[in-house]
Each structure stands twice: as C-alpha cells, then as structure tokens.
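This is run-v3.cif. It holds mmCIF, C-alpha atoms.
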```cif
data_run
#
loop_
_atom_site.group_PDB
_atom_site.id
_atom_site.type_symbol
_atom_site.label_atom_id
_atom_site.label_comp_id
_atom_site.auth_asym_id
_atom_site.auth_seq_id
_atom_site.Cartn_x
_atom_site.Cartn_y
_atom_site.Cartn_z
ATOM 1 C CA LYS A 102 37.184 45.026 16.977
ATOM 2 C CA GLU A 103 34.941 42.006 16.667
ATOM 3 C CA ASP A 104 35.462 40.979 20.313
ATOM 4 C CA GLU A 105 34.111 44.349 21.434
ATOM 5 C CA ARG A 106 30.817 44.044 19.545
ATOM 6 C CA ALA A 107 27.718 42.976 21.391
ATOM 7 C CA ILE A 108 26.937 39.301 21.047
ATOM 8 C CA SER A 109 23.459 38.381 19.825
ATOM 9 C CA GLU A 110 21.091 36.429 22.045
ATOM 10 C CA HIS A 111 21.186 33.536 19.591
ATOM 11 C CA ASP A 112 24.983 33.432 19.665
ATOM 12 C CA ARG A 113 25.042 33.714 23.472
ATOM 13 C CA SER A 114 22.508 30.894 23.719
ATOM 14 C CA THR A 115 24.600 28.734 21.380
ATOM 15 C CA ALA A 116 27.762 29.448 23.380
ATOM 16 C CA CYS A 117 25.955 28.551 26.612
ATOM 17 C CA ALA A 118 24.685 25.316 25.062
ATOM 18 C CA ALA A 119 28.236 24.450 23.988
ATOM 19 C CA GLN A 120 29.544 25.246 27.464
ATOM 20 C CA ASP A 121 26.872 23.020 29.031
ATOM 21 C CA ILE A 122 27.816 20.149 26.722
ATOM 22 C CA VAL A 123 31.499 20.447 27.624
ATOM 23 C CA LEU A 124 30.776 20.594 31.356
ATOM 24 C CA SER A 125 28.305 17.703 31.268
ATOM 25 C CA ARG A 126 30.841 15.458 29.539
ATOM 26 C CA LEU A 127 34.062 16.947 30.861
ATOM 27 C CA ALA A 128 35.986 13.677 31.052
ATOM 28 C CA ASP A 129 35.169 12.967 27.417
ATOM 29 C CA ALA A 130 34.267 16.439 26.126
ATOM 30 C CA PRO A 131 33.825 16.726 22.368
ATOM 31 C CA GLY A 132 36.407 18.621 20.378
ATOM 32 C CA LEU A 133 35.558 21.794 18.507
ATOM 33 C CA GLU A 134 34.495 20.005 15.302
ATOM 34 C CA ASP A 135 32.079 17.648 17.048
ATOM 35 C CA LEU A 136 30.827 20.323 19.415
ATOM 36 C CA SER A 137 30.088 22.673 16.534
ATOM 37 C CA LYS A 138 28.002 19.958 14.862
ATOM 38 C CA GLU A 139 26.039 19.409 18.077
ATOM 39 C CA VAL A 140 25.147 23.087 18.436
ATOM 40 C CA GLY A 141 24.725 23.780 14.725
ATOM 41 C CA MET A 142 27.402 26.391 14.194
ATOM 42 C CA ALA A 143 30.569 26.383 12.107
ATOM 43 C CA PRO A 144 33.683 25.594 14.204
ATOM 44 C CA ARG A 145 35.430 28.904 13.567
ATOM 45 C CA ARG A 146 32.277 30.882 14.327
ATOM 46 C CA LEU A 147 31.615 28.852 17.495
ATOM 47 C CA ASN A 148 35.122 29.601 18.737
ATOM 48 C CA GLU A 149 34.627 33.321 18.040
ATOM 49 C CA VAL A 150 31.235 33.396 19.762
ATOM 50 C CA PHE A 151 32.531 31.338 22.679
ATOM 51 C CA ARG A 152 35.434 33.755 23.165
ATOM 52 C CA GLN A 153 33.067 36.716 23.038
ATOM 53 C CA ALA A 154 30.760 35.126 25.605
ATOM 54 C CA PHE A 155 33.341 33.651 27.994
ATOM 55 C CA GLY A 156 36.692 35.233 27.221
ATOM 56 C CA GLU A 157 38.369 32.031 26.058
ATOM 57 C CA THR A 158 38.201 29.532 23.220
ATOM 58 C CA VAL A 159 36.443 26.196 23.524
ATOM 59 C CA ALA A 160 39.802 24.420 23.916
ATOM 60 C CA GLU A 161 40.977 26.858 26.595
ATOM 61 C CA PHE A 162 37.690 26.508 28.462
ATOM 62 C CA THR A 163 37.827 22.710 28.297
ATOM 63 C CA ARG A 164 41.442 22.606 29.504
ATOM 64 C CA ASN A 165 40.751 25.031 32.350
ATOM 65 C CA ALA A 166 37.583 23.223 33.424
ATOM 66 C CA ARG A 167 39.479 19.920 33.502
ATOM 67 C CA LEU A 168 42.279 21.478 35.550
ATOM 68 C CA ASP A 169 39.736 23.036 37.928
ATOM 69 C CA GLU A 170 38.108 19.649 38.425
ATOM 70 C CA ALA A 171 41.497 17.999 38.936
ATOM 71 C CA ALA A 172 42.416 20.606 41.561
ATOM 72 C CA ARG A 173 39.131 20.013 43.342
ATOM 73 C CA ARG A 174 39.615 16.241 43.342
ATOM 74 C CA ILE A 175 43.234 16.460 44.525
ATOM 75 C CA LYS A 176 42.225 18.709 47.394
ATOM 76 C CA LEU A 177 38.852 17.345 48.480
ATOM 77 C CA GLU A 178 38.840 13.742 47.360
ATOM 78 C CA ARG A 179 42.569 13.214 47.896
ATOM 79 C CA VAL A 180 42.977 11.418 44.569
ATOM 80 C CA SER A 181 46.545 10.854 43.485
ATOM 81 C CA ILE A 182 48.155 13.350 41.168
ATOM 82 C CA LYS A 183 48.643 10.609 38.604
ATOM 83 C CA ARG A 184 44.924 9.723 38.724
ATOM 84 C CA ALA A 185 43.909 13.394 38.509
ATOM 85 C CA ALA A 186 46.232 13.887 35.540
ATOM 86 C CA TRP A 187 44.884 10.839 33.751
ATOM 87 C CA ASP A 188 41.259 11.802 34.398
ATOM 88 C CA ALA A 189 41.963 15.337 33.139
ATOM 89 C CA GLY A 190 43.165 13.896 29.844
ATOM 90 C CA TYR A 191 46.911 14.048 30.427
ATOM 91 C CA ARG A 192 48.943 10.932 29.702
ATOM 92 C CA HIS A 193 52.116 12.350 31.256
ATOM 93 C CA VAL A 194 52.146 13.724 34.789
ATOM 94 C CA ALA A 195 54.893 16.203 33.873
ATOM 95 C CA ASN A 196 52.642 17.839 31.254
ATOM 96 C CA PHE A 197 49.781 17.940 33.748
ATOM 97 C CA SER A 198 52.014 19.473 36.409
ATOM 98 C CA ARG A 199 53.190 22.212 34.038
ATOM 99 C CA ALA A 200 49.628 23.048 32.997
ATOM 100 C CA PHE A 201 48.475 22.943 36.638
ATOM 101 C CA GLN A 202 51.247 25.261 37.777
ATOM 102 C CA SER A 203 50.554 27.651 34.929
ATOM 103 C CA ARG A 204 46.861 27.796 35.887
ATOM 104 C CA PHE A 205 47.139 27.878 39.685
ATOM 105 C CA GLY A 206 50.653 29.120 40.428
ATOM 106 C CA CYS A 207 51.617 26.016 42.395
ATOM 107 C CA THR A 208 52.331 22.365 41.716
ATOM 108 C CA PRO A 209 49.626 19.745 42.245
ATOM 109 C CA GLY A 210 51.632 18.417 45.205
ATOM 110 C CA ASP A 211 51.796 21.841 46.838
ATOM 111 C CA HIS A 212 48.074 22.278 46.199
ATOM 112 C CA SER A 213 47.286 18.981 47.926
ATOM 113 C CA ARG A 214 49.232 20.036 51.036
ATOM 114 C CA ARG A 215 47.629 23.480 51.397
ATOM 115 C CA PRO A 216 45.174 23.828 54.275
#
```

Final structure tokens representation of the file:
Amino acid sequence: KEDERAISEHDRSTACAAQDIVLSRLADAPGLEDLSKEVGMAPRRLNEVFRQAFGETVAEFTRNARLDEAARRIKLERVSIKRAAWDAGYRHVANFSRAFQSRFGCTPGDHSRRP
C-alpha cells in the first residue's frame, strides 16, 4: 500500500512546511488548494504526503488543531463556548458541539467544568 511506503525527506519537509503554515494561521488557515500552492505541491499529492507524515489529511489536521485550540481556550481562558466555536470556524454552536464531542468524548460544557 502507498501509505506503508517510506516517505522521502523532500515530501516530509513539504508536509512539515504545510503543517507549520496551518498552525501559524490556524484561525484563517488556507484550504488545500491555497496551501498546495504555497508549498509547491499538487493538492492531491500534498494530501497523500500529509497523511503519510501525520496520519490525517490536511482538512482533518486543521479541524483537529482548531478543536484542540478551542478546548484549550474553553478550559484555560474560560472563553464562552459560542466564542470558541466561532473562533474555530463554526457558525453554529450545535455543529461545534458535535465535532467537539466526537473528538474529546465530552461536550464543551462538560469540558469547561472538569477540574
């Protein structure tokens, strides 16, 4: 399988550069098309390389990183769930709550009340 093959240093470097771009601009992270242009790799190939390097697609990584940041802010900064959802790119709190629960196994409200 392709996912089982060793990834070249060039591909790993490109995937790391893409990851750095997403993390540095998480609130307004570029989509796959724009990100692929920035790192100089075709979108489909970038997604394949990214999955080989990190175990998830660019979109999955971006979503998970945004949810991780939202969880951190809810817990440590005590931002409202609505604000965390909005900042994570969700326009509807219900969609954010479903994604949050899927990722963390609890609702954002439960997460905020945990010690």

Picked residues, the PyMOL selection byres ((chain A and resi 189-191) around 8), expected as a VMD selection string: chain A and resid 128 167 to 168 170 to 171 185 to 188 192 to 194 196 to 197

Would you export the selected residues with C-alpha atoms as a compact mmCIF listing (two decimals), in the coordinates of the input, please?
```txt
# COMPACT_ATOMS: atom_id res chain seq x y z
CA ALA A 128 35.99 13.68 31.05
CA ARG A 167 39.48 19.92 33.50
CA LEU A 168 42.28 21.48 35.55
CA GLU A 170 38.11 19.65 38.42
CA ALA A 171 41.50 18.00 38.94
CA ALA A 185 43.91 13.39 38.51
CA ALA A 186 46.23 13.89 35.54
CA TRP A 187 44.88 10.84 33.75
CA ASP A 188 41.26 11.80 34.40
CA ARG A 192 48.94 10.93 29.70
CA HIS A 193 52.12 12.35 31.26
CA VAL A 194 52.15 13.72 34.79
CA ASN A 196 52.64 17.84 31.25
CA PHE A 197 49.78 17.94 33.75
```

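Proximity ranking of A:Ala200, A:Ala154, A:Met142, A:Leu147 relative to Asp169 (chain A) places A:Ala200 first, based on all atoms listed in the file.
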
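Across the model, the gap from CA of Val123 (chain A) to CA of Leu136 (chain A) is 8.2 Å.
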
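Restricting the calculation to all atoms listed in the file, the smallest distance between Ala143 (chain A) and any of A:Ser203, A:Thr115, A:Asn165, A:Ser198 is found for A:Thr115.
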
Skip region 208-214 of chain A itself and residues of its chain fewer than 5 positions away, then list as a tab-separated table (two decimals) with C-alpha atoms, keeping the file's coordinate frame all residues within 6 Å of it, counting all atoms listed in the file.
```
chain	number	residue	atom	x	y	z
A	175	ILE	CA	43.23	16.46	44.52
A	176	LYS	CA	42.22	18.71	47.39
A	202	GLN	CA	51.25	25.26	37.78
```

Contact residues around Pro131 (chain A) with only C-alpha atoms at 10 Å, ignoring same-chain residues under 5 positions, as a PyMOL selection string: chain A and resi 119+122-123+126+136-137+139+159-160+163

Pairwise distance for CA of Ala118 (chain A) and CA of Phe201 (chain A), rounded to one decimal in Å: 26.6 Å

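Between CA of Asp129 (chain A) and CA of Ala166 (chain A) the interatomic distance comes to 12.1 Å.
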
Nearest to Cys207 (chain A) by atom-to-atom distance, counting only C-alpha atoms, from A:Asn148, A:Ala172, A:Arg184, A:Glu178: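 Looking at the shortest contact to Cys207 (chain A), the residue is A:Ala172.
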
Need the axis-aligned box for region 119-136 of chain A with 3 Å each side, so what are the centre and edges in Å to one decimal, as lines of an AutoDock Vina configuration file?
```
center_x = 31.6
center_y = 19.1
center_z = 23.3
size_x = 15.5
size_y = 18.3
size_z = 22.1
```

Which of A:Thr158, A:Ala107, A:Pro216, A:Arg199 sits closest to Arg145 (chain A) [using all atoms listed in the file]: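 That would be A:Thr158, the residue with the smallest distance to Arg145 (chain A).
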
Since fewer atoms than expected are present, regenerate all heavy atoms for region 170-181 of chain A and write them as a tab-separated table (two decimals), in the coordinates of the input.
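Final output, rebuild-v1.tsv:
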```tsv
chain	number	residue	atom	x	y	z
A	170	GLU	N	38.66	20.88	37.85
A	170	GLU	CA	38.11	19.65	38.42
A	170	GLU	C	39.23	18.80	39.05
A	170	GLU	O	39.06	18.22	40.12
A	170	GLU	CB	37.36	18.86	37.36
A	170	GLU	CG	36.80	17.52	37.83
A	170	GLU	CD	35.76	17.61	38.94
A	170	GLU	OE1	35.29	18.71	39.27
A	170	GLU	OE2	35.42	16.55	39.50
A	171	ALA	N	40.36	18.74	38.39
A	171	ALA	CA	41.50	18.00	38.94
A	171	ALA	C	41.95	18.61	40.26
A	171	ALA	O	42.21	17.88	41.23
A	171	ALA	CB	42.66	17.99	37.94
A	172	ALA	N	42.02	19.93	40.32
A	172	ALA	CA	42.42	20.61	41.56
A	172	ALA	C	41.43	20.29	42.68
A	172	ALA	O	41.83	20.03	43.82
A	172	ALA	CB	42.51	22.11	41.33
A	173	ARG	N	40.16	20.33	42.35
A	173	ARG	CA	39.13	20.01	43.34
A	173	ARG	C	39.29	18.58	43.86
A	173	ARG	O	39.27	18.33	45.06
A	173	ARG	CB	37.74	20.20	42.73
A	173	ARG	CG	36.60	20.04	43.74
A	173	ARG	CD	35.25	19.88	43.06
A	173	ARG	NE	35.12	18.63	42.33
A	173	ARG	CZ	34.94	17.43	42.90
A	173	ARG	NH1	34.88	17.30	44.21
A	173	ARG	NH2	34.83	16.35	42.15
A	174	ARG	N	39.50	17.65	42.95
A	174	ARG	CA	39.62	16.24	43.34
A	174	ARG	C	40.88	15.98	44.15
A	174	ARG	O	40.86	15.20	45.10
A	174	ARG	CB	39.57	15.36	42.11
A	174	ARG	CG	38.19	15.41	41.43
A	174	ARG	CD	38.07	14.47	40.28
A	174	ARG	NE	38.09	13.12	40.81
A	174	ARG	CZ	38.75	12.11	40.23
A	174	ARG	NH1	39.42	12.28	39.12
A	174	ARG	NH2	38.73	10.91	40.77
A	175	ILE	N	41.98	16.63	43.78
A	175	ILE	CA	43.23	16.46	44.52
A	175	ILE	C	43.04	16.95	45.95
A	175	ILE	O	43.48	16.31	46.91
A	175	ILE	CB	44.39	17.20	43.82
A	175	ILE	CG1	44.79	16.47	42.54
A	175	ILE	CG2	45.59	17.36	44.75
A	175	ILE	CD1	45.71	17.28	41.64
A	176	LYS	N	42.40	18.08	46.09
A	176	LYS	CA	42.22	18.71	47.39
A	176	LYS	C	41.16	18.02	48.24
A	176	LYS	O	41.40	17.67	49.40
A	176	LYS	CB	41.86	20.18	47.19
A	176	LYS	CG	41.80	20.97	48.44
A	176	LYS	CD	43.19	21.19	48.94
A	176	LYS	CE	43.21	22.29	49.95
A	176	LYS	NZ	44.54	22.51	50.42
A	177	LEU	N	39.99	17.83	47.69
A	177	LEU	CA	38.85	17.34	48.48
A	177	LEU	C	38.71	15.83	48.52
A	177	LEU	O	38.32	15.28	49.54
A	177	LEU	CB	37.56	17.98	47.97
A	177	LEU	CG	37.50	19.50	48.05
A	177	LEU	CD1	36.19	20.01	47.47
A	177	LEU	CD2	37.69	19.99	49.47
A	178	GLU	N	39.00	15.20	47.42
A	178	GLU	CA	38.84	13.74	47.36
A	178	GLU	C	40.15	13.01	47.62
A	178	GLU	O	40.16	11.79	47.74
A	178	GLU	CB	38.27	13.32	46.00
A	178	GLU	CG	36.88	13.86	45.74
A	178	GLU	CD	36.38	13.51	44.35
A	178	GLU	OE1	36.96	12.63	43.68
A	178	GLU	OE2	35.39	14.14	43.92
A	179	ARG	N	41.24	13.78	47.66
A	179	ARG	CA	42.57	13.21	47.90
A	179	ARG	C	42.96	12.14	46.88
A	179	ARG	O	43.63	11.17	47.21
A	179	ARG	CB	42.69	12.65	49.31
A	179	ARG	CG	42.49	13.68	50.40
A	179	ARG	CD	43.63	14.64	50.40
A	179	ARG	NE	43.55	15.56	51.53
A	179	ARG	CZ	44.18	16.70	51.56
A	179	ARG	NH1	44.94	17.06	50.57
A	179	ARG	NH2	44.07	17.49	52.60
A	180	VAL	N	42.53	12.34	45.62
A	180	VAL	CA	42.98	11.42	44.57
A	180	VAL	C	44.45	11.68	44.30
A	180	VAL	O	44.97	12.78	44.56
A	180	VAL	CB	42.17	11.56	43.26
A	180	VAL	CG1	40.71	11.27	43.48
A	180	VAL	CG2	42.37	12.90	42.63
A	181	SER	N	45.12	10.69	43.79
A	181	SER	CA	46.54	10.85	43.48
A	181	SER	C	46.71	11.83	42.32
A	181	SER	O	45.81	12.00	41.50
A	181	SER	CB	47.17	9.51	43.12
A	181	SER	OG	46.72	9.08	41.84
```
